[in-house]
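Engineer: My structure is below; once you've seen it, I'll send some questions.
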Amino acid sequence: MLESTEEQRSALTEFRRAAALVQFLVIKDQDAFESYRSDSKRAVQESGGQRAHDVHVDQVLAGGELHYQAITVDLFPSGKAARSAFEPVRAERQAALSDIYGLVLRPITGPPRVAKSLRFLAPLLSRMLGTRSEREMAGFAELANPETGPVPETIAVPKEHDQTTPFCMMNLNKYYPTARYESGEAVSGEQAYNRNAARILPYLISVGGYPAIMGYTVGVLVGDERSPLHDDWSDF
């Protein structure tokens, strides 16, 4: 599916807040795709937006293999601006791609801004947390769940790559209504995940990482129940 429905286009136009558009792309023609990348980026800029990420999908750590080979993340001042960037490159899109799944997000700006401001603490945190060298985690293989996190087999692949090259890791999250603590504690899945994120953040900063783009899922621009990624995603 390459084009949005009239209902999807109307919903995007009516979204008057800042919006992020995440597109998962299946490439049909590599040469045409290179042209589409530059043309679509120019359309984003002409509509007042910014292409924040344009990445190749290299490896999936959780949830199984991904149907898509590339991801773009574009930031816009409004949903209307996002629509004005998407529509002018229809012919180029048709020539380059065979499938798209496009999510519309309401960006979360606070945590990324704070995390980036704390990156100067990386050397101190790496010493305090012991992240300057790799350590085995006792019982990791037994605890790992391939649907929600990495397992030893998927972690092994990035370890074989060039360790001097920065990379992006993407999470699509779908929360339980109520967290599944063994204690039975009555908090939401989102609250439990936020606890997890707060504990991980110092470790992330200690190795030079930071959350770059965060957002609540508010709609779908392209795609329906036939799309491999179709689900009721909570956030990105």
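In the structure tokens, the first chain shown is A, the next is B, and so on; residue numbers restart at 1 for each chain, and ligands run from 1 in the order shown.
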Would you pick out the contacts of A:Glu142 at 10 Å or less, using only C-alpha atoms, so that residues sharing its chain but fewer than 4 positions from it are not included, and give the list as a list of chain:residue names?

Structural biologist: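 My reading of the contact set: A:Ala138, A:Val151, A:Pro152.
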
Engineer: Store the residues of this selection in a file with all heavy atoms, as a PDB file, in the first residue's frame.

Structural biologist:
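Okay, this is what ended up in again_28.pdb:
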ATOM      1  N   ALA A 138      24.087 -12.514  34.194  1.00  0.00           N
ATOM      2  CA  ALA A 138      23.697 -13.832  34.693  1.00  0.00           C
ATOM      3  C   ALA A 138      22.220 -14.109  34.424  1.00  0.00           C
ATOM      4  O   ALA A 138      21.361 -13.281  34.718  1.00  0.00           O
ATOM      5  CB  ALA A 138      23.982 -13.923  36.188  1.00  0.00           C
ATOM      6  N   VAL A 151      17.598 -11.188  22.395  1.00  0.00           N
ATOM      7  CA  VAL A 151      18.027 -12.485  22.931  1.00  0.00           C
ATOM      8  C   VAL A 151      19.478 -12.676  22.506  1.00  0.00           C
ATOM      9  O   VAL A 151      19.993 -11.947  21.657  1.00  0.00           O
ATOM     10  CB  VAL A 151      17.130 -13.632  22.409  1.00  0.00           C
ATOM     11  CG1 VAL A 151      15.697 -13.456  22.891  1.00  0.00           C
ATOM     12  CG2 VAL A 151      17.174 -13.713  20.889  1.00  0.00           C
ATOM     13  N   PRO A 152      20.192 -13.638  23.091  1.00  0.00           N
ATOM     14  CA  PRO A 152      21.619 -13.792  22.757  1.00  0.00           C
ATOM     15  C   PRO A 152      21.899 -13.882  21.259  1.00  0.00           C
ATOM     16  O   PRO A 152      22.882 -13.321  20.769  1.00  0.00           O
ATOM     17  CB  PRO A 152      21.988 -15.094  23.482  1.00  0.00           C
ATOM     18  CG  PRO A 152      21.080 -15.127  24.664  1.00  0.00           C
ATOM     19  CD  PRO A 152      19.783 -14.555  24.179  1.00  0.00           C
TER      20      PRO A 152
END

Engineer: Give one line per residue of stretch 94-173 of chain A that approaches stretch 7-11 of chain A to at most 12 Å, naming the two atoms of the closest pair and their distance in Å to one decimal, counting only C-alpha atoms; sort by chain then ascending residue number and deliver it as JSON lines.

Structural biologist:
{"residue": "A:Gly102", "atom": "CA", "partner": "A:Gln8", "partner_atom": "CA", "distance": 10.5}
{"residue": "A:Leu103", "atom": "CA", "partner": "A:Gln8", "partner_atom": "CA", "distance": 10.7}
{"residue": "A:Val104", "atom": "CA", "partner": "A:Ala11", "partner_atom": "CA", "distance": 10.0}

Engineer: Could you take the residues named above and write them with N, CA, C and O atoms, as a PDB file, in the first residue's frame?

Structural biologist:
ATOM      1  N   GLY A 102       3.014   4.071   7.316  1.00  0.00           N
ATOM      2  CA  GLY A 102       3.345   5.398   7.825  1.00  0.00           C
ATOM      3  C   GLY A 102       2.597   5.716   9.102  1.00  0.00           C
ATOM      4  O   GLY A 102       1.358   5.731   9.123  1.00  0.00           O
ATOM      5  N   LEU A 103       3.334   5.971  10.174  1.00  0.00           N
ATOM      6  CA  LEU A 103       2.748   6.333  11.464  1.00  0.00           C
ATOM      7  C   LEU A 103       2.842   7.827  11.695  1.00  0.00           C
ATOM      8  O   LEU A 103       3.875   8.450  11.400  1.00  0.00           O
ATOM      9  N   VAL A 104       1.798   8.410  12.255  1.00  0.00           N
ATOM     10  CA  VAL A 104       1.791   9.821  12.656  1.00  0.00           C
ATOM     11  C   VAL A 104       1.959   9.886  14.170  1.00  0.00           C
ATOM     12  O   VAL A 104       1.232   9.209  14.910  1.00  0.00           O
TER      13      VAL A 104
END

Engineer: Rounded to one decimal place, report the atom CA of A:Leu124-atom CA of A:Leu204 distance in Å.

Structural biologist: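 Distance between the two atoms: 12.7 Å.
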
Engineer: Which neighbours of stretch 185-191 of chain A fall inside 10 Å, counting only C-alpha atoms, when residues of the same chain fewer than 6 positions from it are skipped, and could you give them as a PyMOL selection string?

Structural biologist: chain A and resi 173-179+197+234-235

Engineer: Could you dump the residues just selected with N, CA and C atoms as a PDB file, in the first residue's frame?

Structural biologist:
ATOM      1  N   ASN A 173       6.302   0.433  20.703  1.00  0.00           N
ATOM      2  CA  ASN A 173       5.793  -0.128  21.948  1.00  0.00           C
ATOM      3  C   ASN A 173       4.266  -0.237  21.941  1.00  0.00           C
ATOM      4  N   LYS A 174       3.788  -1.348  22.489  1.00  0.00           N
ATOM      5  CA  LYS A 174       2.354  -1.541  22.718  1.00  0.00           C
ATOM      6  C   LYS A 174       2.203  -2.027  24.154  1.00  0.00           C
ATOM      7  N   TYR A 175       1.573  -1.207  24.998  1.00  0.00           N
ATOM      8  CA  TYR A 175       1.544  -1.480  26.428  1.00  0.00           C
ATOM      9  C   TYR A 175       0.339  -2.334  26.838  1.00  0.00           C
ATOM     10  N   TYR A 176       0.560  -3.169  27.850  1.00  0.00           N
ATOM     11  CA  TYR A 176      -0.554  -3.823  28.513  1.00  0.00           C
ATOM     12  C   TYR A 176      -1.373  -2.763  29.253  1.00  0.00           C
ATOM     13  N   PRO A 177      -2.685  -2.919  29.325  1.00  0.00           N
ATOM     14  CA  PRO A 177      -3.483  -1.983  30.143  1.00  0.00           C
ATOM     15  C   PRO A 177      -3.007  -1.955  31.592  1.00  0.00           C
ATOM     16  N   THR A 178      -2.680  -3.131  32.131  1.00  0.00           N
ATOM     17  CA  THR A 178      -2.155  -3.241  33.489  1.00  0.00           C
ATOM     18  C   THR A 178      -0.848  -4.019  33.439  1.00  0.00           C
ATOM     19  N   ALA A 179       0.182  -3.490  34.101  1.00  0.00           N
ATOM     20  CA  ALA A 179       1.487  -4.151  34.096  1.00  0.00           C
ATOM     21  C   ALA A 179       1.397  -5.553  34.694  1.00  0.00           C
ATOM     22  N   ALA A 197      12.584   2.678  31.484  1.00  0.00           N
ATOM     23  CA  ALA A 197      13.330   3.694  30.743  1.00  0.00           C
ATOM     24  C   ALA A 197      14.179   4.554  31.674  1.00  0.00           C
ATOM     25  N   SER A 234       1.366   2.022  20.889  1.00  0.00           N
ATOM     26  CA  SER A 234       1.230   3.104  21.879  1.00  0.00           C
ATOM     27  C   SER A 234       2.178   4.254  21.577  1.00  0.00           C
ATOM     28  N   ASP A 235       3.438   3.927  21.340  1.00  0.00           N
ATOM     29  CA  ASP A 235       4.387   5.003  21.044  1.00  0.00           C
ATOM     30  C   ASP A 235       5.589   4.458  20.302  1.00  0.00           C
TER      31      ASP A 235
END

Engineer: Within 9 Å of A:Gly209, counting only C-alpha atoms, which residues qualify if same-chain residues fewer than 3 places away don't, as a PDB file with all heavy atoms, in the first residue's frame?

Structural biologist:
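Dumped to result-v6.pdb:
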ATOM      1  N   ALA A 115      18.161  14.370  28.094  1.00  0.00           N
ATOM      2  CA  ALA A 115      19.214  13.374  27.915  1.00  0.00           C
ATOM      3  C   ALA A 115      20.388  13.932  27.126  1.00  0.00           C
ATOM      4  O   ALA A 115      21.553  13.692  27.472  1.00  0.00           O
ATOM      5  CB  ALA A 115      18.648  12.140  27.226  1.00  0.00           C
ATOM      6  N   LYS A 116      20.101  14.687  26.078  1.00  0.00           N
ATOM      7  CA  LYS A 116      21.184  15.266  25.287  1.00  0.00           C
ATOM      8  C   LYS A 116      22.003  16.257  26.115  1.00  0.00           C
ATOM      9  O   LYS A 116      23.220  16.337  25.961  1.00  0.00           O
ATOM     10  CB  LYS A 116      20.609  15.961  24.049  1.00  0.00           C
ATOM     11  CG  LYS A 116      20.070  14.996  23.001  1.00  0.00           C
ATOM     12  CD  LYS A 116      19.480  15.742  21.822  1.00  0.00           C
ATOM     13  CE  LYS A 116      18.851  14.787  20.819  1.00  0.00           C
ATOM     14  NZ  LYS A 116      18.258  15.490  19.662  1.00  0.00           N
ATOM     15  N   ARG A 119      24.833  14.521  28.250  1.00  0.00           N
ATOM     16  CA  ARG A 119      25.817  13.658  27.604  1.00  0.00           C
ATOM     17  C   ARG A 119      27.245  13.924  28.092  1.00  0.00           C
ATOM     18  O   ARG A 119      28.101  13.055  27.995  1.00  0.00           O
ATOM     19  CB  ARG A 119      25.723  13.822  26.087  1.00  0.00           C
ATOM     20  CG  ARG A 119      24.415  13.273  25.518  1.00  0.00           C
ATOM     21  CD  ARG A 119      24.250  13.590  24.054  1.00  0.00           C
ATOM     22  NE  ARG A 119      25.197  12.863  23.225  1.00  0.00           N
ATOM     23  CZ  ARG A 119      25.404  13.123  21.939  1.00  0.00           C
ATOM     24  NH1 ARG A 119      24.724  14.095  21.345  1.00  0.00           N
ATOM     25  NH2 ARG A 119      26.262  12.419  21.242  1.00  0.00           N
ATOM     26  N   ALA A 122      28.907  11.322  30.375  1.00  0.00           N
ATOM     27  CA  ALA A 122      29.193   9.965  29.908  1.00  0.00           C
ATOM     28  C   ALA A 122      30.458   9.369  30.526  1.00  0.00           C
ATOM     29  O   ALA A 122      30.428   8.228  31.005  1.00  0.00           O
ATOM     30  CB  ALA A 122      29.280   9.941  28.376  1.00  0.00           C
ATOM     31  N   LEU A 201      18.270   4.856  31.262  1.00  0.00           N
ATOM     32  CA  LEU A 201      18.816   6.107  30.733  1.00  0.00           C
ATOM     33  C   LEU A 201      20.260   6.384  31.159  1.00  0.00           C
ATOM     34  O   LEU A 201      21.093   6.738  30.314  1.00  0.00           O
ATOM     35  CB  LEU A 201      17.905   7.275  31.104  1.00  0.00           C
ATOM     36  CG  LEU A 201      18.273   8.620  30.478  1.00  0.00           C
ATOM     37  CD1 LEU A 201      18.264   8.520  28.951  1.00  0.00           C
ATOM     38  CD2 LEU A 201      17.297   9.706  30.935  1.00  0.00           C
ATOM     39  N   TYR A 203      22.608   4.314  31.861  1.00  0.00           N
ATOM     40  CA  TYR A 203      23.457   3.384  31.130  1.00  0.00           C
ATOM     41  C   TYR A 203      23.583   3.801  29.663  1.00  0.00           C
ATOM     42  O   TYR A 203      24.651   3.711  29.054  1.00  0.00           O
ATOM     43  CB  TYR A 203      22.896   1.966  31.235  1.00  0.00           C
ATOM     44  CG  TYR A 203      23.025   1.359  32.599  1.00  0.00           C
ATOM     45  CD1 TYR A 203      22.034   1.550  33.560  1.00  0.00           C
ATOM     46  CD2 TYR A 203      24.140   0.604  32.950  1.00  0.00           C
ATOM     47  CE1 TYR A 203      22.152   1.005  34.833  1.00  0.00           C
ATOM     48  CE2 TYR A 203      24.269   0.052  34.217  1.00  0.00           C
ATOM     49  CZ  TYR A 203      23.267   0.262  35.153  1.00  0.00           C
ATOM     50  OH  TYR A 203      23.394  -0.271  36.419  1.00  0.00           O
ATOM     51  N   LEU A 204      22.464   4.259  29.093  1.00  0.00           N
ATOM     52  CA  LEU A 204      22.466   4.712  27.709  1.00  0.00           C
ATOM     53  C   LEU A 204      23.421   5.894  27.539  1.00  0.00           C
ATOM     54  O   LEU A 204      24.258   5.917  26.622  1.00  0.00           O
ATOM     55  CB  LEU A 204      21.044   5.107  27.305  1.00  0.00           C
ATOM     56  CG  LEU A 204      20.815   5.528  25.856  1.00  0.00           C
ATOM     57  CD1 LEU A 204      21.063   4.370  24.913  1.00  0.00           C
ATOM     58  CD2 LEU A 204      19.396   6.057  25.679  1.00  0.00           C
ATOM     59  N   ILE A 205      23.304   6.882  28.431  1.00  0.00           N
ATOM     60  CA  ILE A 205      24.173   8.055  28.353  1.00  0.00           C
ATOM     61  C   ILE A 205      25.631   7.660  28.550  1.00  0.00           C
ATOM     62  O   ILE A 205      26.538   8.199  27.896  1.00  0.00           O
ATOM     63  CB  ILE A 205      23.748   9.098  29.393  1.00  0.00           C
ATOM     64  CG1 ILE A 205      22.351   9.650  29.051  1.00  0.00           C
ATOM     65  CG2 ILE A 205      24.750  10.248  29.473  1.00  0.00           C
ATOM     66  CD1 ILE A 205      21.766  10.559  30.119  1.00  0.00           C
ATOM     67  N   SER A 206      25.892   6.685  29.431  1.00  0.00           N
ATOM     68  CA  SER A 206      27.259   6.300  29.749  1.00  0.00           C
ATOM     69  C   SER A 206      28.012   5.731  28.553  1.00  0.00           C
ATOM     70  O   SER A 206      29.240   5.764  28.522  1.00  0.00           O
ATOM     71  CB  SER A 206      27.266   5.276  30.896  1.00  0.00           C
ATOM     72  OG  SER A 206      26.904   3.985  30.443  1.00  0.00           O
ATOM     73  N   ALA A 212      16.620  10.042  20.651  1.00  0.00           N
ATOM     74  CA  ALA A 212      16.608  11.114  19.655  1.00  0.00           C
ATOM     75  C   ALA A 212      15.196  11.573  19.313  1.00  0.00           C
ATOM     76  O   ALA A 212      14.924  12.774  19.252  1.00  0.00           O
ATOM     77  CB  ALA A 212      17.320  10.637  18.386  1.00  0.00           C
TER      78      ALA A 212
END
